[in-house]
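final-v9.txt follows; it contains compact mmCIF, C-alpha atoms and all ligand atoms.
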# COMPACT_ATOMS: atom_id res chain seq x y z
CA MET A 18 39.67 33.04 21.01
CA ALA A 19 37.45 31.88 18.16
CA ASP A 20 34.65 29.88 19.76
CA GLY A 21 32.92 32.28 22.17
CA ALA A 22 34.00 30.19 25.17
CA PRO A 23 32.79 32.36 28.08
CA PHE A 24 29.14 31.35 27.73
CA PRO A 25 27.69 28.15 29.19
CA THR A 26 27.46 24.91 27.22
CA ASP A 27 25.24 23.02 29.68
CA PHE A 28 22.14 22.87 27.46
CA ASP A 29 20.97 19.72 25.71
CA THR A 30 19.35 19.58 22.27
CA SER A 31 19.48 15.81 21.85
CA ASP A 32 15.65 15.60 21.85
CA VAL A 33 15.08 17.84 18.80
CA ASP A 34 13.42 16.26 15.80
CA PRO A 35 16.28 15.03 13.55
CA ASP A 36 14.38 15.94 10.36
CA GLU A 37 13.89 19.49 11.57
CA ALA A 38 17.53 19.68 12.63
CA SER A 39 18.60 18.34 9.27
CA MET A 40 16.53 20.96 7.41
CA PHE A 41 17.91 23.71 9.62
CA ALA A 42 21.46 22.44 9.08
CA PHE A 43 20.80 22.45 5.33
CA GLN A 44 19.75 26.10 5.55
CA VAL A 45 22.88 26.93 7.51
CA TYR A 46 25.09 25.05 5.04
CA THR A 47 23.62 26.98 2.13
CA TYR A 48 25.50 29.95 3.62
CA LYS A 49 28.67 27.88 3.76
CA MET A 50 28.09 27.01 0.11
CA GLY A 51 27.62 30.74 -0.57
CA GLU A 52 30.95 31.43 1.12
CA MET A 53 32.71 28.83 -1.02
CA VAL A 54 31.00 29.87 -4.27
CA SER A 55 31.83 33.51 -3.43
CA LEU A 56 35.50 32.63 -3.33
CA MET A 57 35.20 30.80 -6.66
CA ILE A 58 33.50 33.87 -8.21
CA HIS A 59 36.28 36.07 -6.84
CA LEU A 60 38.87 33.78 -8.45
CA GLY A 61 36.96 33.63 -11.73
CA ASP A 62 36.79 37.42 -11.84
CA ARG A 63 40.36 37.95 -10.73
CA LEU A 64 41.78 35.41 -13.20
CA GLY A 65 39.69 36.83 -16.04
CA LEU A 66 37.96 33.49 -16.59
CA TYR A 67 34.47 34.94 -17.04
CA ARG A 68 35.79 37.47 -19.55
CA PHE A 69 37.59 34.67 -21.35
CA LEU A 70 34.45 32.49 -21.48
CA ALA A 71 32.11 35.33 -22.57
CA GLY A 72 30.85 34.78 -26.11
CA LYS A 73 32.72 31.47 -26.56
CA GLU A 74 31.30 28.18 -27.80
CA PRO A 75 31.21 25.32 -25.26
CA LEU A 76 34.80 24.39 -24.33
CA THR A 77 36.45 21.50 -22.54
CA ALA A 78 38.68 22.13 -19.54
CA GLU A 79 41.69 21.26 -21.71
CA GLN A 80 40.69 23.86 -24.28
CA VAL A 81 40.16 26.52 -21.58
CA ALA A 82 43.53 25.64 -20.04
CA ASP A 83 45.31 25.70 -23.43
CA GLN A 84 43.88 29.06 -24.40
CA THR A 85 44.28 30.79 -21.00
CA GLY A 86 47.59 29.29 -19.96
CA TYR A 87 46.13 28.09 -16.66
CA HIS A 88 46.67 24.59 -15.26
CA PRO A 89 44.12 22.06 -16.65
CA ARG A 90 43.47 20.27 -13.36
CA TRP A 91 42.64 23.55 -11.58
CA ILE A 92 40.50 24.73 -14.47
CA LEU A 93 38.52 21.48 -14.53
CA GLU A 94 37.71 21.70 -10.82
CA TRP A 95 36.72 25.38 -11.11
CA LEU A 96 34.53 24.75 -14.20
CA ARG A 97 32.72 21.84 -12.55
CA GLY A 98 32.12 23.91 -9.41
CA GLN A 99 30.76 26.79 -11.49
CA GLU A 100 28.37 24.46 -13.26
CA ALA A 101 27.28 22.96 -9.94
CA ALA A 102 26.56 26.53 -8.80
CA LYS A 103 24.47 26.99 -12.00
CA LEU A 104 26.70 29.81 -13.23
CA LEU A 105 27.91 27.82 -16.24
CA THR A 106 26.08 25.26 -18.33
CA TYR A 107 27.55 21.95 -19.49
CA ASP A 108 26.79 19.50 -22.25
CA ALA A 109 25.01 16.19 -21.64
CA ASP A 110 28.17 14.20 -20.96
CA GLY A 111 29.73 16.90 -18.78
CA GLU A 112 32.73 17.45 -21.06
CA THR A 113 32.22 21.03 -22.21
CA PHE A 114 31.24 24.17 -20.35
CA GLN A 115 29.75 27.49 -21.45
CA LEU A 116 28.93 30.93 -20.01
CA SER A 117 25.53 32.08 -21.31
CA LYS A 118 25.09 35.61 -22.68
CA VAL A 119 23.04 36.63 -19.65
CA GLY A 120 25.70 35.06 -17.42
CA ALA A 121 28.33 37.14 -19.22
CA SER A 122 26.33 40.31 -18.54
CA VAL A 123 26.39 39.62 -14.79
CA LEU A 124 29.84 38.05 -14.45
CA ALA A 125 31.97 39.54 -17.23
CA ASP A 126 30.66 42.77 -18.73
CA GLU A 127 31.78 45.43 -16.26
CA ASN A 128 31.56 48.27 -18.77
CA HIS A 129 28.12 47.79 -20.33
CA SER A 130 25.92 45.89 -17.89
CA LEU A 131 23.97 47.56 -15.07
CA PHE A 132 23.77 44.11 -13.49
CA PHE A 133 27.50 43.36 -13.45
CA ALA A 134 28.00 41.72 -10.05
CA ALA A 135 31.30 39.81 -10.08
CA GLY A 136 33.14 42.90 -8.76
CA ALA A 137 31.28 42.53 -5.46
CA PHE A 138 33.15 39.32 -4.66
CA ALA A 139 36.26 40.41 -2.81
CA ALA A 140 38.90 38.17 -1.32
CA PRO A 141 37.97 37.02 2.21
CA GLN A 142 38.55 39.56 4.99
CA GLU A 143 42.01 39.55 6.51
CA PRO A 144 42.10 37.81 9.93
CA ALA A 145 43.23 41.07 11.62
CA ILE A 146 40.06 42.82 10.40
CA VAL A 147 37.84 39.99 11.59
CA GLU A 148 39.60 40.19 14.96
CA ARG A 149 38.85 43.93 15.16
CA LEU A 150 35.20 43.31 14.29
CA ALA A 151 34.90 40.73 17.06
CA GLU A 152 36.46 43.19 19.52
CA ALA A 153 33.99 45.86 18.40
CA PHE A 154 31.16 43.84 19.94
CA THR A 155 32.76 44.64 23.30
CA THR A 156 34.27 48.08 22.72
CA GLY A 157 31.47 49.40 20.49
CA LEU A 158 34.10 50.95 18.23
CA GLY A 159 34.19 49.80 14.60
CA LEU A 160 36.69 50.22 11.80
CA SER A 161 36.66 53.23 9.51
CA TRP A 162 36.80 52.73 5.75
CA GLU A 163 40.45 53.77 5.91
CA GLU A 164 41.13 50.85 8.24
CA LEU A 165 39.62 48.43 5.71
CA GLY A 166 42.52 49.34 3.42
CA PRO A 167 42.73 49.42 -0.40
CA ASN A 168 40.69 46.23 -0.71
CA GLY A 169 37.67 47.99 0.87
CA ALA A 170 37.83 51.00 -1.47
CA HIS A 171 38.52 48.89 -4.54
CA ARG A 172 35.71 46.40 -3.84
CA THR A 173 33.24 49.21 -3.13
CA GLU A 174 34.00 50.94 -6.40
CA ARG A 175 33.62 47.75 -8.39
CA MET A 176 30.40 46.80 -6.61
CA LEU A 177 28.76 50.22 -6.91
CA GLY A 178 30.35 51.06 -10.27
CA PRO A 179 27.75 49.96 -12.82
CA TRP A 180 25.17 52.58 -11.78
CA SER A 181 27.75 55.37 -11.73
CA ARG A 182 29.13 54.31 -15.09
CA LEU A 183 25.90 53.63 -16.95
CA ALA A 184 23.03 55.52 -15.31
CA PHE A 185 24.45 58.66 -13.65
CA VAL A 186 24.92 60.76 -16.79
CA PRO A 187 22.12 59.47 -19.08
CA ASN A 188 19.31 58.85 -16.55
CA ILE A 189 19.95 60.52 -13.21
CA ILE A 190 21.48 63.92 -14.03
CA PRO A 191 18.71 64.88 -16.53
CA ALA A 192 16.04 64.14 -13.90
CA LEU A 193 17.43 66.79 -11.53
CA GLU A 194 16.03 70.26 -12.05
CA GLY A 195 18.51 72.51 -13.87
CA VAL A 196 21.60 70.47 -13.03
CA LYS A 197 22.53 69.28 -16.52
CA ALA A 198 22.48 72.81 -17.94
CA LYS A 199 24.72 74.07 -15.14
CA LEU A 200 27.18 71.21 -15.65
CA GLU A 201 27.35 71.95 -19.37
CA THR A 202 27.99 75.66 -18.80
CA GLY A 203 30.49 75.18 -15.99
CA ALA A 204 29.55 74.32 -12.41
CA MET A 205 31.38 73.76 -9.13
CA VAL A 206 30.71 70.20 -8.01
CA ALA A 207 31.59 68.25 -4.86
CA ASP A 208 31.39 64.48 -4.39
CA VAL A 209 31.33 64.02 -0.61
CA GLY A 210 32.51 60.55 0.43
CA CYS A 211 33.89 60.01 -3.08
CA GLY A 212 35.82 56.84 -2.22
CA ALA A 213 37.90 55.72 -5.21
CA GLY A 214 36.22 58.40 -7.33
CA LEU A 215 34.46 56.59 -10.18
CA ALA A 216 31.34 58.81 -10.19
CA LEU A 217 33.60 61.89 -10.32
CA ARG A 218 35.62 60.53 -13.23
CA VAL A 219 32.44 59.77 -15.15
CA LEU A 220 31.04 63.29 -14.61
CA ALA A 221 34.34 65.08 -15.17
CA ALA A 222 34.81 63.36 -18.52
CA GLU A 223 31.29 64.21 -19.63
CA PHE A 224 31.28 67.85 -18.46
CA PRO A 225 34.73 69.35 -19.17
CA ASN A 226 33.59 72.93 -18.40
CA SER A 227 32.85 72.05 -14.78
CA THR A 228 35.19 71.70 -11.81
CA PHE A 229 34.98 68.65 -9.58
CA HIS A 230 36.16 68.18 -5.99
CA GLY A 231 36.20 64.82 -4.24
CA TYR A 232 36.17 64.75 -0.44
CA ASP A 233 36.91 61.66 1.61
CA PRO A 234 38.57 61.03 4.99
CA SER A 235 40.24 57.88 3.61
CA GLU A 236 43.68 58.68 2.21
CA THR A 237 43.84 55.12 0.85
CA ALA A 238 40.69 55.64 -1.22
CA LEU A 239 41.92 59.07 -2.40
CA ASP A 240 45.23 57.60 -3.45
CA ILE A 241 43.40 55.18 -5.77
CA ALA A 242 41.12 58.01 -6.94
CA ARG A 243 44.02 60.35 -7.80
CA LYS A 244 45.86 57.67 -9.77
CA LYS A 245 42.77 56.71 -11.78
CA ALA A 246 41.90 60.34 -12.57
CA ALA A 247 45.49 60.89 -13.75
CA THR A 248 45.34 57.74 -15.91
CA ASP A 249 42.15 59.05 -17.50
CA GLY A 250 43.91 62.39 -18.15
CA LEU A 251 41.22 64.37 -16.29
CA GLU A 252 42.46 67.78 -15.23
CA ASN A 253 39.17 69.15 -13.91
CA ILE A 254 39.15 66.92 -10.79
CA SER A 255 40.95 67.42 -7.50
CA PHE A 256 40.74 65.45 -4.30
CA ILE A 257 40.64 66.80 -0.76
CA HIS A 258 41.53 64.68 2.24
CA ALA A 259 38.66 65.74 4.49
CA GLY A 260 35.34 64.51 5.75
CA GLY A 261 32.12 66.19 4.70
CA GLU A 262 32.06 67.96 8.09
CA ASP A 263 34.93 70.12 6.81
CA LEU A 264 33.42 71.35 3.56
CA PRO A 265 34.08 75.07 3.00
CA ALA A 266 31.14 77.08 4.37
CA ASP A 267 31.22 79.56 1.49
CA GLN A 268 28.15 78.56 -0.52
CA GLY A 269 30.46 77.78 -3.44
CA TYR A 270 29.01 74.60 -4.90
CA ASP A 271 26.27 74.36 -7.54
CA PHE A 272 25.92 70.61 -7.16
CA ILE A 273 26.91 68.27 -4.32
CA TYR A 274 26.27 64.57 -4.21
CA THR A 275 26.72 61.89 -1.58
CA PHE A 276 26.65 58.31 -2.86
CA ASP A 277 26.23 55.40 -0.48
CA CYS A 278 28.04 57.10 2.35
CA LEU A 279 25.78 59.05 4.75
CA HIS A 280 24.90 55.81 6.55
CA ASP A 281 28.67 55.12 6.97
CA MET A 282 29.38 58.42 8.71
CA THR A 283 29.90 58.83 12.43
CA ARG A 284 28.34 62.33 12.33
CA PRO A 285 25.94 62.48 9.38
CA ALA A 286 23.97 65.40 10.87
CA ASP A 287 27.15 67.52 10.98
CA VAL A 288 27.92 66.60 7.37
CA ILE A 289 24.39 67.50 6.26
CA ALA A 290 24.69 70.87 8.06
CA ALA A 291 28.03 71.45 6.31
CA ILE A 292 26.51 70.60 2.93
CA LYS A 293 23.82 73.21 3.59
CA THR A 294 26.44 75.92 4.06
CA ALA A 295 28.63 74.69 1.18
CA LEU A 296 25.83 74.80 -1.41
CA LYS A 297 24.89 77.92 -3.34
CA PRO A 298 21.38 79.11 -2.41
CA ASP A 299 20.07 77.67 -5.70
CA GLY A 300 22.32 74.60 -5.56
CA THR A 301 21.24 70.95 -5.64
CA TRP A 302 22.28 68.09 -3.41
CA LEU A 303 21.74 64.55 -4.69
CA ILE A 304 21.73 61.72 -2.17
CA LYS A 305 21.97 58.09 -3.19
CA ASP A 306 21.45 55.70 -0.32
CA ILE A 307 20.36 52.15 0.28
CA ARG A 308 16.76 51.21 -0.52
CA SER A 309 15.19 50.60 2.88
CA SER A 310 11.80 51.34 4.40
CA GLY A 311 13.16 52.16 7.83
CA ASP A 312 11.00 49.38 9.27
CA PHE A 313 12.81 46.11 10.03
CA VAL A 314 9.67 44.00 9.53
CA LYS A 315 8.73 45.63 6.21
CA ASN A 316 12.30 45.28 4.97
CA HIS A 317 11.82 41.50 4.88
CA LYS A 318 10.45 41.84 1.37
CA ASN A 319 14.05 42.54 0.38
CA PRO A 320 15.47 39.09 -0.53
CA MET A 321 18.98 40.42 0.16
CA LEU A 322 18.20 41.64 3.66
CA ALA A 323 20.63 39.29 5.42
CA MET A 324 23.42 40.32 3.03
CA HIS A 325 22.79 43.97 3.87
CA TYR A 326 23.13 43.26 7.57
CA GLY A 327 26.39 41.45 6.80
CA PHE A 328 27.67 44.51 4.92
CA SER A 329 26.52 46.67 7.81
CA VAL A 330 28.38 44.83 10.55
CA SER A 331 31.49 44.33 8.43
CA SER A 332 31.75 47.82 6.92
CA CYS A 333 28.89 50.37 7.02
CA MET A 334 27.74 50.33 10.65
CA SER A 335 31.31 49.55 11.62
CA SER A 336 32.44 52.79 9.95
CA ALA A 337 29.51 54.73 11.41
CA MET A 338 30.59 53.52 14.89
CA SER A 339 34.31 54.13 14.37
CA GLU A 340 34.40 57.12 16.73
CA PRO A 341 32.96 57.35 20.25
CA GLY A 342 29.35 58.54 19.98
CA GLY A 343 29.10 57.53 16.31
CA ALA A 344 25.56 57.70 14.91
CA GLY A 345 25.82 54.08 13.73
CA LEU A 346 23.07 54.29 11.10
CA GLY A 347 24.47 51.33 9.14
CA THR A 348 23.60 49.98 5.70
CA LEU A 349 19.80 50.19 6.03
CA GLY A 350 19.66 53.14 8.45
CA PHE A 351 19.35 56.10 6.06
CA SER A 352 15.79 55.27 5.01
CA PRO A 353 13.40 57.79 3.42
CA PRO A 354 11.86 58.98 6.73
CA VAL A 355 15.30 59.38 8.34
CA ALA A 356 16.64 61.13 5.23
CA GLU A 357 13.75 63.57 5.08
CA GLU A 358 13.83 64.34 8.78
CA MET A 359 17.59 64.97 8.77
CA CYS A 360 17.44 67.17 5.65
CA ARG A 361 14.57 69.25 6.99
CA ALA A 362 16.31 69.59 10.38
CA ALA A 363 19.31 71.09 8.54
CA GLY A 364 17.03 73.66 6.91
CA PHE A 365 16.47 72.15 3.47
CA GLY A 366 12.97 72.96 2.19
CA HIS A 367 12.84 70.80 -0.94
CA PHE A 368 13.08 67.03 -0.48
CA GLU A 369 12.11 64.82 -3.42
CA GLN A 370 12.54 61.07 -3.64
CA HIS A 371 13.43 59.53 -7.00
CA ASP A 372 13.29 55.85 -7.89
CA PHE A 373 15.45 55.23 -10.93
CA GLY A 374 14.89 51.47 -10.79
CA ASP A 375 18.21 50.87 -9.05
CA PRO A 376 17.46 47.65 -7.13
CA ALA A 377 19.77 48.60 -4.27
CA ASN A 378 19.35 52.36 -3.88
CA LEU A 379 16.94 55.26 -3.63
CA TYR A 380 17.81 58.80 -4.69
CA TYR A 381 16.81 62.12 -3.09
CA GLU A 382 17.01 65.54 -4.73
CA VAL A 383 17.44 68.15 -2.03
CA ARG A 384 17.47 71.94 -2.32
CA ALA A 385 17.13 74.94 -0.05
C1 LIG B 401 30.56 52.83 0.67
S1 LIG B 401 31.83 53.99 0.39
C2 LIG B 401 31.14 54.88 -1.00
C3 LIG B 401 32.18 55.50 -1.87
C4 LIG B 401 31.66 56.21 -3.13
N1 LIG B 401 30.75 57.27 -2.82
C5 LIG B 401 30.99 55.21 -4.07
O1 LIG B 401 29.79 55.31 -4.31
O2 LIG B 401 31.71 54.33 -4.59
C6 LIG B 401 31.64 55.12 1.72
C7 LIG B 401 32.69 56.24 1.74
O3 LIG B 401 32.30 57.21 2.72
C8 LIG B 401 33.49 57.74 3.24
N2 LIG B 401 33.18 58.47 4.49
C9 LIG B 401 33.07 57.97 5.75
N3 LIG B 401 32.86 58.99 6.61
C10 LIG B 401 32.85 60.13 5.90
C11 LIG B 401 32.68 61.52 6.21
N4 LIG B 401 32.50 61.91 7.44
N5 LIG B 401 32.73 62.41 5.20
C12 LIG B 401 32.94 62.02 3.92
N6 LIG B 401 33.09 60.73 3.58
C13 LIG B 401 33.05 59.80 4.54
C14 LIG B 401 34.36 56.52 3.41
O4 LIG B 401 35.73 56.85 3.61
C15 LIG B 401 34.09 55.77 2.12
O5 LIG B 401 34.99 56.12 1.11

Translate this file's structure into structure tokens.
Amino acid sequence: MADGAPFPTDFDTSDVDPDEASMFAFQVYTYKMGEMVSLMIHLGDRLGLYRFLAGKEPLTAEQVADQTGYHPRWILEWLRGQEAAKLLTYDADGETFQLSKVGASVLADENHSLFFAAGAFAAPQEPAIVERLAEAFTTGLGLSWEELGPNGAHRTERMLGPWSRLAFVPNIIPALEGVKAKLETGAMVADVGCGAGLALRVLAAEFPNSTFHGYDPSETALDIARKKAATDGLENISFIHAGGEDLPADQGYDFIYTFDCLHDMTRPADVIAAIKTALKPDGTWLIKDIRSSGDFVKNHKNPMLAMHYGFSVSSCMSSAMSEPGGAGLGTLGFSPPVAEEMCRAAGFGHFEQHDFGDPANLYYEVRA
């Protein structure tokens, strides 16, 4: 059932002002355009078209097709759509198309640009997942990250990757008291909710004297993580199939971090309590979580607010509601006041907020 049939249809809007209705319909259709352009960005990323266009002179569709091996008719339609979306430029007679340098930084340069965004454009959700989400409005039970499958873990890593790849080691680690020196000497480190493990691979490569453990309840994500760590030849990482609730309570870790995951957890308070007992008395816990004020009205200054609620219903809150009694914090739910209250309730005495200029996230340095 796709059209919400059980509710009445006996209302009449035929007297609304047609101009107002037209403007409202335009607003609604901008989201449809976003859906269509999103798919085109996904295809451009997946087919390598942005990487191909990066740094090139203006090219005709025929030239792009010749040099990529793709079909010219399909390339022409894609190029015209990308120009219409203002992601490519074209010459005055509409024959040649170009990706600007700034466009290449956002759409093509995954390794060097903090603003690389094309990785966020996954293929549309599978119908079975959408069906489960619709059912969740009745049952209250969402899907865990594991149930989103490899696509969920892969998309998350590509979307969140630039800050792990480019800012974690040079900007974030040095701002945490004493952490860099411990990592250089040899520290025990846990990434709780590590997903596909990019942040761990980055740290493990930089600090070979330290030992890194990745914890995640999603075997699918860990499978990707293990393969990538092996490809990188990193021997100082291991992965543990467990949620943060099951961290060893032996005060063994010098440094624990949780990136974009506390708001996804069904029992974040239990995980925070477990982190407290897993950390050495002088250990540091770094939290990265979504930039949010905790106040729905104030959050309207975020131009991406509606997107965050979309992420929440489709993955974050869904995951945080995937067990009966789940906390259900959701994408914007682990705001600074909530974070501080939960950390202090678990017995942490030091709670310091950092703003590293990450447009999507805030960071908290937490110690006993
Ligand atoms: C948005 S992803 C973030 C992954 C990774 N930290 C990153 O930044 O790319 C959220 C992750 O939290 C994990 N997660 C959910 N509940 C968890 C729990 N109780 N303990 C540890 N991880 C959990 C999910 O399986 C998922 O991999």

Skipping near chain neighbours, those fewer than 3 positions away, what residues fall within 7 Å of Ile58 of chain A using only C-alpha atoms, listed as a PDB file with C-alpha atoms, keeping the file's coordinate frame?
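part-v3.pdb, written as the output of this step:
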ATOM      1  CA  VAL A  54      31.000  29.870  -4.270  1.00  0.00           C
ATOM      2  CA  SER A  55      31.830  33.510  -3.430  1.00  0.00           C
ATOM      3  CA  GLY A  61      36.960  33.630 -11.730  1.00  0.00           C
ATOM      4  CA  ASP A  62      36.790  37.420 -11.840  1.00  0.00           C
ATOM      5  CA  ALA A 135      31.300  39.810 -10.080  1.00  0.00           C
ATOM      6  CA  PHE A 138      33.150  39.320  -4.660  1.00  0.00           C
TER       7      PHE A 138
END

Nearby residues (only C-alpha atoms) at most 12 Å from Asn316 of chain A, same-chain spacing under 3 positions excluded, as a list in words: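 Close residues of Asn316 of chain A: Ile307, Arg308, Ser309, Ser310, Gly311, Asp312, Phe313, Asn319, Pro320, Met321, Leu322, Ala323, His325, Tyr326, Leu349, Gly350 and Ser352 of chain A.
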
Store the residues picked out above in a file with C-alpha atoms, as a JSON list (two decimals), in the frame of the given file.
[["chain", "number", "residue", "atom", "x", "y", "z"],
["A", 307, "ILE", "CA", 20.36, 52.15, 0.28],
["A", 308, "ARG", "CA", 16.76, 51.21, -0.52],
["A", 309, "SER", "CA", 15.19, 50.60, 2.88],
["A", 310, "SER", "CA", 11.80, 51.34, 4.40],
["A", 311, "GLY", "CA", 13.16, 52.16, 7.83],
["A", 312, "ASP", "CA", 11.00, 49.38, 9.27],
["A", 313, "PHE", "CA", 12.81, 46.11, 10.03],
["A", 319, "ASN", "CA", 14.05, 42.54, 0.38],
["A", 320, "PRO", "CA", 15.47, 39.09, -0.53],
["A", 321, "MET", "CA", 18.98, 40.42, 0.16],
["A", 322, "LEU", "CA", 18.20, 41.64, 3.66],
["A", 323, "ALA", "CA", 20.63, 39.29, 5.42],
["A", 325, "HIS", "CA", 22.79, 43.97, 3.87],
["A", 326, "TYR", "CA", 23.13, 43.26, 7.57],
["A", 349, "LEU", "CA", 19.80, 50.19, 6.03],
["A", 350, "GLY", "CA", 19.66, 53.14, 8.45],
["A", 352, "SER", "CA", 15.79, 55.27, 5.01]]

One residue among A:Asp240, A:Asp263, A:Glu143, A:Glu127 is nearest to ligand LIG 401 (chain B) when using only C-alpha atoms and all ligand atoms, and that residue is A:Asp263

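Straight-line separation from atom CA of Tyr380 of chain A to atom CA of Ala286 of chain A: 18.0 Å.
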
So that each row is one residue of chain A with an atom at most 9 Å from ligand LIG 401 (chain B), can you give its shortest atom pair and the distance in Å to one decimal, using only C-alpha atoms and all ligand atoms, rows by chain and rising number, as a tab-separated table?
residue	atom	partner	partner_atom	distance
A:Ser161	CA	B:LIG401	O4	7.0
A:Trp162	CA	B:LIG401	O4	4.8
A:Glu163	CA	B:LIG401	O4	6.1
A:Gly169	CA	B:LIG401	S1	8.4
A:Ala170	CA	B:LIG401	O5	6.4
A:His171	CA	B:LIG401	O2	8.7
A:Arg172	CA	B:LIG401	O2	8.9
A:Thr173	CA	B:LIG401	O2	5.5
A:Glu174	CA	B:LIG401	O2	4.5
A:Arg175	CA	B:LIG401	O2	7.8
A:Met176	CA	B:LIG401	O2	7.9
A:Leu177	CA	B:LIG401	O2	5.6
A:Gly178	CA	B:LIG401	O2	6.7
A:Ser181	CA	B:LIG401	O1	7.7
A:Asp208	CA	B:LIG401	N1	7.4
A:Val209	CA	B:LIG401	C12	5.2
A:Gly210	CA	B:LIG401	N6	3.2
A:Cys211	CA	B:LIG401	N1	4.2
A:Gly212	CA	B:LIG401	O5	3.5
A:Ala213	CA	B:LIG401	O2	6.4
A:Gly214	CA	B:LIG401	C4	6.6
A:Leu215	CA	B:LIG401	O2	6.6
A:Ala216	CA	B:LIG401	O1	7.0
A:Tyr232	CA	B:LIG401	C12	6.1
A:Asp233	CA	B:LIG401	N6	4.4
A:Pro234	CA	B:LIG401	O4	5.2
A:Ser235	CA	B:LIG401	O4	4.6
A:Glu236	CA	B:LIG401	O4	8.3
A:Thr237	CA	B:LIG401	O4	8.7
A:Ala238	CA	B:LIG401	O5	6.2
A:Leu239	CA	B:LIG401	O5	8.3
A:Ala259	CA	B:LIG401	N5	6.8
A:Gly260	CA	B:LIG401	N5	3.4
A:Gly261	CA	B:LIG401	N5	3.9
A:Glu262	CA	B:LIG401	N4	6.1
A:Asp263	CA	B:LIG401	N5	8.2
A:Tyr274	CA	B:LIG401	N1	8.7
A:Thr275	CA	B:LIG401	N1	6.3
A:Phe276	CA	B:LIG401	N1	4.2
A:Asp277	CA	B:LIG401	C2	5.0
A:Cys278	CA	B:LIG401	C6	4.2
A:Leu279	CA	B:LIG401	O3	7.1
A:His280	CA	B:LIG401	C6	8.3
A:Asp281	CA	B:LIG401	C9	5.4
A:Met282	CA	B:LIG401	N3	4.1
A:Thr283	CA	B:LIG401	N4	6.4
A:Arg284	CA	B:LIG401	N4	6.4
A:Pro285	CA	B:LIG401	N4	6.9
A:Asp287	CA	B:LIG401	N4	8.5
A:Val288	CA	B:LIG401	N4	6.6
A:Lys305	CA	B:LIG401	O1	8.4
A:Ser332	CA	B:LIG401	C1	8.1
A:Cys333	CA	B:LIG401	C1	7.0
A:Ser336	CA	B:LIG401	C9	6.7
A:Ala337	CA	B:LIG401	N3	7.2

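Interatomic distance, atom CA of Ser117 of chain A against atom CA of Ala102 of chain A: 13.7 Å.
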
Selection: 7 Å around Phe368 of chain A, all atoms listed in the file, excl. self and same-chain fewer than 5 positions, as a ChimeraX atom specification: /A:357,381-384

Asp108 of chain A: which residues within 12 Å, counting all atoms listed in the file, same-chain residues fewer than 2 positions away excluded, as a PyMOL selection string? chain A and resi 74-77+97+100+105-106+110-116

Just to confirm, what's the straight-line distance from atom CA of Gly366 of chain A to atom CA of Tyr270 of chain A in Å (one decimal)?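 For atom CA of Gly366 of chain A relative to atom CA of Tyr270 of chain A, the distance reads 17.6 Å.
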
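Proximity to Lys245 of chain A was assessed for A:His129, A:Ala184, A:Arg218, A:Pro179 counting all atoms listed in the file; the smallest distance is recorded for A:Arg218.
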
Close residues, Gly250 of chain A itself excluded, 12 Å, all atoms listed in the file, min 5 positions apart in chain, as a list in words: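 Residues near the query, excluding close chain neighbours: Arg218, Ala221, Ala222, Pro225, Arg243, Lys244 and Lys245 of chain A.
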
A:Pro265, A:Ile273, A:Ala71, A:Ala242: which is nearest Thr228 of chain A, counting all atoms listed in the file?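 Checking each candidate against Thr228 of chain A, we get A:Ile273 as the closest.
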